[in-house]
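What follows is the content of data-v2.cif (mmCIF, C-alpha atoms).
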```cif
data_run
loop_
_atom_site.label_atom_id
_atom_site.label_comp_id
_atom_site.auth_asym_id
_atom_site.auth_seq_id
_atom_site.Cartn_x
_atom_site.Cartn_y
_atom_site.Cartn_z
CA MET Z 1 9.38 0.72 -28.99
CA VAL Z 2 11.81 0.69 -26.08
CA CYS Z 3 15.39 0.49 -27.35
CA LYS Z 4 17.73 -2.19 -25.99
CA GLU Z 5 19.88 0.31 -24.07
CA LEU Z 6 16.86 1.79 -22.25
CA ALA Z 7 15.40 -1.66 -21.55
CA ASP Z 8 18.70 -2.78 -20.05
CA TYR Z 9 18.84 0.39 -17.95
CA LEU Z 10 15.33 -0.15 -16.59
CA ARG Z 11 16.16 -3.76 -15.69
CA PHE Z 12 19.33 -2.57 -13.96
CA LEU Z 13 17.34 -0.02 -11.95
CA ALA Z 14 14.68 -2.58 -10.99
CA ASP Z 15 17.40 -4.93 -9.74
CA LYS Z 16 18.99 -2.08 -7.81
CA TYR Z 17 15.88 -0.92 -5.99
CA GLU Z 18 13.73 -4.03 -5.47
CA ASN Z 19 15.21 -5.09 -2.15
CA GLU Z 20 14.42 -4.83 1.53
CA SER Z 21 16.01 -1.39 1.86
CA PHE Z 22 12.99 -0.21 -0.13
CA PHE Z 23 10.97 -0.55 3.09
CA ASP Z 24 12.85 2.32 4.72
CA GLY Z 25 10.43 5.22 4.96
CA ASP Z 26 7.95 3.51 2.63
CA PRO Z 27 4.37 2.48 3.50
CA SER Z 28 5.22 -1.02 2.27
CA PHE Z 29 6.80 -1.56 5.71
CA SER Z 30 3.29 -2.71 6.69
CA LEU Z 31 3.76 -5.87 4.62
CA LYS Z 32 6.37 -7.24 7.04
CA LYS Z 33 4.55 -6.23 10.20
CA TYR Z 34 2.14 -9.17 10.51
CA SER Z 35 2.32 -12.91 9.94
CA SER Z 36 -1.33 -13.71 9.20
CA VAL Z 37 -2.75 -13.20 5.70
CA THR Z 38 -5.79 -11.27 6.94
CA ASP Z 39 -3.76 -8.91 9.12
CA THR Z 40 -1.31 -8.30 6.28
CA GLU Z 41 -4.11 -7.54 3.81
CA CYS Z 42 -5.82 -5.12 6.19
CA ALA Z 43 -2.54 -3.40 7.10
CA ALA Z 44 -1.62 -3.03 3.44
CA PHE Z 45 -5.01 -1.61 2.51
CA ILE Z 46 -5.02 0.95 5.33
CA ALA Z 47 -1.40 1.93 4.60
CA ALA Z 48 -2.14 2.29 0.88
CA VAL Z 49 -5.15 4.57 1.25
CA LEU Z 50 -3.19 6.77 3.67
CA ALA Z 51 -0.09 6.95 1.46
CA PHE Z 52 -0.31 10.47 0.08
CA GLY Z 53 1.13 13.81 1.11
CA ARG Z 54 4.23 14.01 3.29
CA ARG Z 55 5.69 10.64 4.21
CA ASP Z 56 6.64 11.57 7.74
CA GLN Z 57 3.05 12.64 8.38
CA PHE Z 58 1.15 9.74 6.86
CA LEU Z 59 3.52 7.14 8.33
CA LYS Z 60 2.71 8.49 11.81
CA LYS Z 61 -1.02 8.08 11.13
CA ILE Z 62 -0.53 4.52 9.87
CA GLU Z 63 1.50 3.62 12.95
CA TYR Z 64 -1.12 5.21 15.19
CA ILE Z 65 -3.84 2.94 13.78
CA PHE Z 66 -1.60 -0.14 14.02
CA SER Z 67 -0.67 0.61 17.62
CA LEU Z 68 -4.35 0.83 18.63
CA ALA Z 69 -5.09 -2.48 16.94
CA GLU Z 70 -2.07 -4.24 18.43
CA SER Z 71 -3.18 -3.30 21.94
CA TYR Z 72 -6.31 -5.36 21.22
CA GLY Z 73 -4.38 -8.32 19.82
CA SER Z 74 -4.68 -8.16 16.03
CA LEU Z 75 -5.56 -5.66 13.35
CA SER Z 76 -8.17 -7.90 11.70
CA GLY Z 77 -9.77 -8.61 15.10
CA TRP Z 78 -9.78 -4.90 15.95
CA LEU Z 79 -11.67 -4.28 12.72
CA LYS Z 80 -13.96 -7.32 12.73
CA ASP Z 81 -15.02 -6.82 16.36
CA ARG Z 82 -15.42 -3.07 15.78
CA ILE Z 83 -13.11 -2.16 18.65
CA TYR Z 84 -12.16 0.97 16.72
CA LEU Z 85 -15.48 2.49 17.77
CA SER Z 86 -14.21 2.79 21.32
CA SER Z 87 -10.46 3.21 20.78
CA PHE Z 88 -9.88 5.19 17.58
CA LEU Z 89 -11.28 8.54 18.73
CA PRO Z 90 -9.13 10.61 21.10
CA ASP Z 91 -11.01 12.12 24.04
CA ASP Z 92 -11.10 15.56 22.46
CA CYS Z 93 -12.77 14.16 19.31
CA LYS Z 94 -15.52 12.05 20.85
CA ASN Z 95 -18.01 14.86 20.49
CA ASN Z 96 -16.60 16.02 17.17
CA ILE Z 97 -15.92 13.09 14.84
CA GLU Z 98 -15.72 15.48 11.91
CA LYS Z 99 -12.38 16.75 13.21
CA LYS Z 100 -9.62 16.05 10.67
CA PHE Z 101 -7.56 12.92 11.21
CA TYR Z 102 -5.25 13.34 8.20
CA ARG Z 103 -5.25 16.13 5.66
CA PHE Z 104 -8.84 16.63 4.43
CA TYR Z 105 -10.15 13.33 5.85
CA SER Z 106 -11.91 13.28 9.21
CA TYR Z 107 -12.12 10.71 11.99
CA ALA Z 108 -15.65 10.02 10.72
CA ASP Z 109 -14.26 9.23 7.24
CA PHE Z 110 -11.89 6.64 8.67
CA ILE Z 111 -14.58 5.10 10.85
CA GLN Z 112 -16.55 4.73 7.61
CA LEU Z 113 -13.56 2.86 6.10
CA PHE Z 114 -13.18 0.65 9.17
CA ASP Z 115 -16.91 -0.13 9.05
CA ALA Z 116 -16.56 -1.31 5.44
CA LEU Z 117 -13.56 -3.50 6.28
CA SER Z 118 -15.35 -4.86 9.34
CA HIS Z 119 -18.35 -5.88 7.24
CA ILE Z 120 -16.09 -7.71 4.77
CA LEU Z 121 -14.32 -9.60 7.57
CA GLN Z 122 -17.63 -10.62 9.11
CA THR Z 123 -18.73 -12.25 5.85
CA HIS Z 124 -15.42 -13.47 4.34
CA LYS Z 125 -12.30 -15.09 5.72
CA THR Z 126 -9.94 -12.66 3.97
CA LEU Z 127 -10.06 -9.49 1.90
CA GLY Z 128 -8.59 -11.46 -1.00
CA GLU Z 129 -11.47 -13.93 -0.90
CA PHE Z 130 -13.97 -11.06 -0.98
CA PHE Z 131 -12.28 -9.17 -3.81
CA LYS Z 132 -11.84 -12.36 -5.85
CA SER Z 133 -15.58 -13.01 -5.63
CA ARG Z 134 -16.51 -9.43 -6.55
CA TYR Z 135 -13.99 -9.38 -9.40
CA GLY Z 136 -15.43 -12.58 -10.87
CA GLN Z 137 -18.94 -11.15 -10.76
CA SER Z 138 -17.87 -7.84 -12.30
CA LYS Z 139 -15.75 -9.52 -14.98
CA ALA Z 140 -18.74 -11.57 -16.11
CA ALA Z 141 -20.69 -8.37 -16.71
CA ASN Z 142 -17.77 -6.31 -18.06
CA PRO Z 143 -14.79 -8.33 -19.40
CA ASP Z 144 -12.63 -5.19 -19.65
CA ILE Z 145 -12.98 -4.08 -16.03
CA HIS Z 146 -9.78 -3.83 -14.01
CA LEU Z 147 -9.45 -5.16 -10.48
CA SER Z 148 -8.54 -1.71 -9.14
CA SER Z 149 -11.88 -0.38 -10.42
CA VAL Z 150 -13.73 -3.26 -8.74
CA ILE Z 151 -12.06 -2.49 -5.41
CA CYS Z 152 -12.94 1.19 -5.70
CA LEU Z 153 -16.57 0.28 -6.41
CA CYS Z 154 -16.61 -1.93 -3.31
CA PHE Z 155 -15.72 1.17 -1.26
CA LYS Z 156 -17.74 3.71 -3.26
CA ASP Z 157 -19.28 5.11 -0.07
CA CYS Z 158 -15.89 5.60 1.63
CA LYS Z 159 -14.36 9.02 1.08
CA VAL Z 160 -10.81 7.87 1.78
CA VAL Z 161 -10.81 5.32 -1.07
CA PRO Z 162 -10.27 6.81 -4.57
CA ALA Z 163 -13.40 7.04 -6.70
CA GLY Z 164 -12.03 4.92 -9.54
CA SER Z 165 -13.13 7.06 -12.47
CA THR Z 166 -11.16 7.48 -15.70
CA SER Z 167 -10.00 10.86 -14.35
CA CYS Z 168 -8.05 9.04 -11.63
CA SER Z 169 -5.06 6.70 -12.05
CA ASN Z 170 -5.98 4.86 -8.82
CA LYS Z 171 -2.36 5.13 -7.69
CA ARG Z 172 -2.98 4.02 -4.11
CA ILE Z 173 -5.16 1.04 -5.06
CA ASN Z 174 -2.73 -0.07 -7.79
CA MET Z 175 0.09 0.15 -5.24
CA PHE Z 176 -1.95 -2.05 -2.87
CA LEU Z 177 -2.48 -4.55 -5.71
CA ARG Z 178 1.23 -4.61 -6.50
CA TRP Z 179 1.89 -5.49 -2.86
CA MET Z 180 -0.69 -8.30 -2.89
CA VAL Z 181 -0.12 -9.85 -6.32
CA ARG Z 182 3.55 -9.79 -7.38
CA THR Z 183 5.47 -12.96 -6.57
CA GLY Z 184 9.17 -13.66 -6.09
CA SER Z 185 9.76 -10.19 -4.67
CA ALA Z 186 11.76 -9.00 -1.68
CA VAL Z 187 9.05 -6.39 -1.18
CA ASP Z 188 5.68 -7.57 -2.52
CA THR Z 189 3.86 -10.48 -0.88
CA GLY Z 190 2.38 -12.58 -3.71
CA LEU Z 191 -0.56 -13.51 -1.47
CA TRP Z 192 -3.16 -13.27 -4.24
CA THR Z 193 -2.17 -16.03 -6.61
CA TRP Z 194 -5.60 -15.85 -8.28
CA TYR Z 195 -4.65 -12.64 -10.11
CA SER Z 196 -1.88 -12.32 -12.68
CA PRO Z 197 1.00 -9.83 -12.22
CA GLU Z 198 0.75 -9.33 -15.98
CA ASP Z 199 -2.63 -7.62 -15.48
CA LEU Z 200 -1.47 -5.08 -12.88
CA LEU Z 201 -1.32 -1.35 -13.64
CA ILE Z 202 1.63 0.78 -12.57
CA PRO Z 203 0.93 3.07 -9.60
CA LEU Z 204 1.45 6.59 -10.94
CA ASP Z 205 3.01 9.05 -8.53
CA THR Z 206 5.13 12.17 -9.00
CA HIS Z 207 8.45 10.28 -9.18
CA VAL Z 208 7.17 7.65 -11.60
CA MET Z 209 5.55 10.25 -13.88
CA GLN Z 210 8.63 12.48 -13.86
CA GLU Z 211 11.11 9.72 -14.68
CA ALA Z 212 8.82 8.13 -17.28
CA VAL Z 213 8.70 11.49 -19.08
CA ASN Z 214 12.48 12.05 -18.69
CA LEU Z 215 13.19 8.63 -20.23
CA GLY Z 216 10.72 9.16 -23.07
CA LEU Z 217 8.38 6.37 -21.99
CA ILE Z 218 5.34 8.69 -22.02
CA PRO Z 219 4.79 12.12 -23.64
CA PRO Z 220 5.66 15.27 -21.63
CA GLU Z 221 2.02 16.38 -21.65
CA SER Z 222 0.83 13.16 -19.95
CA ARG Z 223 -1.46 13.60 -16.96
CA ASN Z 224 -1.95 11.46 -13.87
CA ILE Z 225 -5.03 9.66 -15.15
CA LEU Z 226 -6.07 6.07 -15.84
CA LYS Z 227 -5.24 6.40 -19.57
CA THR Z 228 -1.62 7.27 -18.72
CA ALA Z 229 -1.31 4.36 -16.27
CA VAL Z 230 -2.49 1.99 -19.00
CA GLU Z 231 -0.15 3.50 -21.60
CA LEU Z 232 2.92 3.37 -19.34
CA THR Z 233 2.12 -0.18 -18.22
CA ASN Z 234 1.91 -1.29 -21.86
CA VAL Z 235 5.30 0.30 -22.59
CA LEU Z 236 6.83 -1.44 -19.57
CA LYS Z 237 5.51 -4.78 -20.85
CA GLU Z 238 8.13 -4.48 -23.58
CA VAL Z 239 10.79 -4.59 -20.85
CA PHE Z 240 9.08 -6.82 -18.27
CA PRO Z 241 6.63 -8.86 -20.42
CA HIS Z 242 4.98 -10.84 -17.63
CA ASP Z 243 5.55 -8.38 -14.79
CA PRO Z 244 5.27 -4.79 -16.09
CA VAL Z 245 4.80 -3.24 -12.66
CA ARG Z 246 8.36 -4.23 -11.78
CA GLY Z 247 9.10 -0.99 -13.59
CA ASP Z 248 7.63 0.83 -10.59
CA PHE Z 249 10.81 0.06 -8.62
CA ALA Z 250 13.00 1.35 -11.45
CA LEU Z 251 11.17 4.64 -11.97
CA PHE Z 252 10.24 5.36 -8.36
CA GLY Z 253 13.68 4.45 -7.02
CA LEU Z 254 15.41 6.60 -9.62
CA GLY Z 255 13.17 9.56 -8.79
CA VAL Z 256 13.74 9.25 -5.05
CA ASP Z 257 17.52 9.02 -5.49
CA LYS Z 258 17.52 12.13 -7.67
CA GLU Z 259 15.49 13.95 -5.03
CA LYS Z 260 18.00 12.94 -2.34
CA ASP Z 261 20.86 14.18 -4.51
CA LYS Z 262 19.15 17.55 -4.90
CA LEU Z 263 18.61 17.84 -1.15
CA ALA Z 264 22.23 16.92 -0.54
CA ASP Z 265 23.28 19.96 -2.56
CA PHE Z 266 21.49 22.30 -0.14
CA PRO Z 267 23.77 24.06 2.37
CA LYS Z 268 23.58 22.75 5.94
CA LEU Z 269 21.93 25.29 8.27
#
```
As structure tokens:
Amino acid sequence: MVCKELADYLRFLADKYENESFFDGDPSFSLKKYSSVTDTECAAFIAAVLAFGRRDQFLKKIEYIFSLAESYGSLSGWLKDRIYLSSFLPDDCKNNIEKKFYRFYSYADFIQLFDALSHILQTHKTLGEFFKSRYGQSKAANPDIHLSSVICLCFKDCKVVPAGSTSCSNKRINMFLRWMVRTGSAVDTGLWTWYSPEDLLIPLDTHVMQEAVNLGLIPPESRNILKTAVELTNVLKEVFPHDPVRGDFALFGLGVDKEKDKLADFPKL
């Protein structure tokens, strides 16, 4: 059970951090970049799968992809019409598509992702329409399946999309879902009204895990796996009954602020 004092503290933190300043240096900036639903979905998905490692590095890669697409006219058009095949590869990579684009993922890996998104856009009006259909089919066969697992299965041949096994918390996909599903937010879009915010899972990252342990929400020995994401989400439902992932702002924001405070203590060189 979450005591009243801790519940009040988490609500205070969520109120503090869920605002437009959250976009600063965060991949969620992609949500405000486009006006069309399809462009926003595609931008959010690409930003989410790239959101790991050093922020300054992955934000540059996200912006690089967006800039290429914008020179064509739209991100969804760039993907649907497969313009990336001629514009994504720099000249020095055209004969070596296995060269790394970001961290351990190559240009070939991202072309594989773009191919998958292109195929979806050629057969469905939006990504949301496609995922809704696949989720309905999967739910009929397995009532306990989570939407994040369905999305991972849809991209099972794409290396840059998490595998979706129980050994993985699906942090990046759950972050993408938070962006798409939560309503009434200064940050999240609420575009997918067909899925309930109550059914979202918290995106587990280092800050969220650390603060959840510090506050006693999960045991110290907890690992970044699906089981922990489920357990923490269920605890947060005691505080935010119909919107547990609102706790992401509280825990993540607190962790980032603590990190800034630590850096501020370092002597200036």
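The list of residues within 8 Å of (0.8, -5.6, -6.0), counted using only C-alpha atoms, is Asn174, Met175, Phe176, Leu177, Arg178, Trp179, Met180, Val181, Arg182, Asp188, Thr189, Gly190, Pro197 and Leu200 of chain Z.
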Could you make a table, as CSV, of the residues of stretch 185-227 of chain Z that have an atom within 12 Å of an atom of stretch 112-130 of chain Z, each with its nearest atom pair and distance in Å to one decimal, counting only C-alpha atoms, in chain and number order?
```
residue,atom,partner,partner_atom,distance
Z:Gly190,CA,Z:Gly128,CA,11.4
Z:Leu191,CA,Z:Gly128,CA,8.3
Z:Trp192,CA,Z:Gly128,CA,6.6
Z:Thr193,CA,Z:Gly128,CA,9.7
Z:Trp194,CA,Z:Gly128,CA,9.0
Z:Tyr195,CA,Z:Gly128,CA,10.0
```
Next on the checklist: Selection in question (the file shown): the PyMOL selection byres ((chain Z and resi 147) around 10). Which residues does it include, as a PyMOL selection string?
Outcome noted: chain Z and resi 131-132+134-136+138-139+144-146+148-153+173-174+177+195+199-201
Checklist entry - What's the 12 Å shell around Z:Val213, counting all atoms listed in the file, without same-chain residues fewer than 3 positions away, as a ChimeraX atom specification? => result /Z:204,206-210,216-224,228,232,251,255
Checklist entry - How would you write as a VMD selection string the residues that get within 10 Å of (-3.9, -8.8, 6.6) in the file's frame, counting only C-alpha atoms? => result chain Z and resid 30 to 31 33 to 46 74 to 76 126 to 128 191
Next on the checklist: Between atom CA of Z:Val160 and atom CA of Z:Phe104, what distance in Å does the model show, to one decimal?
Outcome noted: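 These two atoms are separated by 9.4 Å.
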Item to check | Interatomic distance (Å, one decimal) between atom CA of Z:Ser106 and atom CA of Z:Phe58 | outcome: 13.7 Å
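What the PyMOL selection byres ((chain Z and resi 234) around 12) grabs from this file is Met1, Val2, Glu198, Asp199, Leu200, Leu201, Ile202, Leu217, Ile218, Lys227, Thr228, Ala229, Val230, Glu231, Leu232, Thr233, Val235, Leu236, Lys237, Glu238, Val239, Phe240, Pro241, His242, Asp243, Pro244, Val245 and Gly247 of chain Z.
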Item to check | Nearest to Z:Asn95, chosen from Z:Ile62, Z:Cys158, Z:Ala108, Z:Ile83, with all atoms listed in the file counted in the distances | outcome: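 For Z:Asn95, the nearest of the given residues is Z:Ala108.
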Item to check | Length of the atom CA of Z:Asn170 to atom CA of Z:Leu50 vector [Å] | outcome: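 Rounded to one decimal, the two atoms are 12.9 Å apart.
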Quick one: what's the axis-aligned box for stretch 185-197 of chain Z, all listed atoms, 8 Å on every side, centre and edges in Å to one decimal, as AutoDock Vina command-line options?
```
--center_x 3.1 --center_y -11.2 --center_z -6.8 --size_x 33.4 --size_y 25.6 --size_z 27.8
```
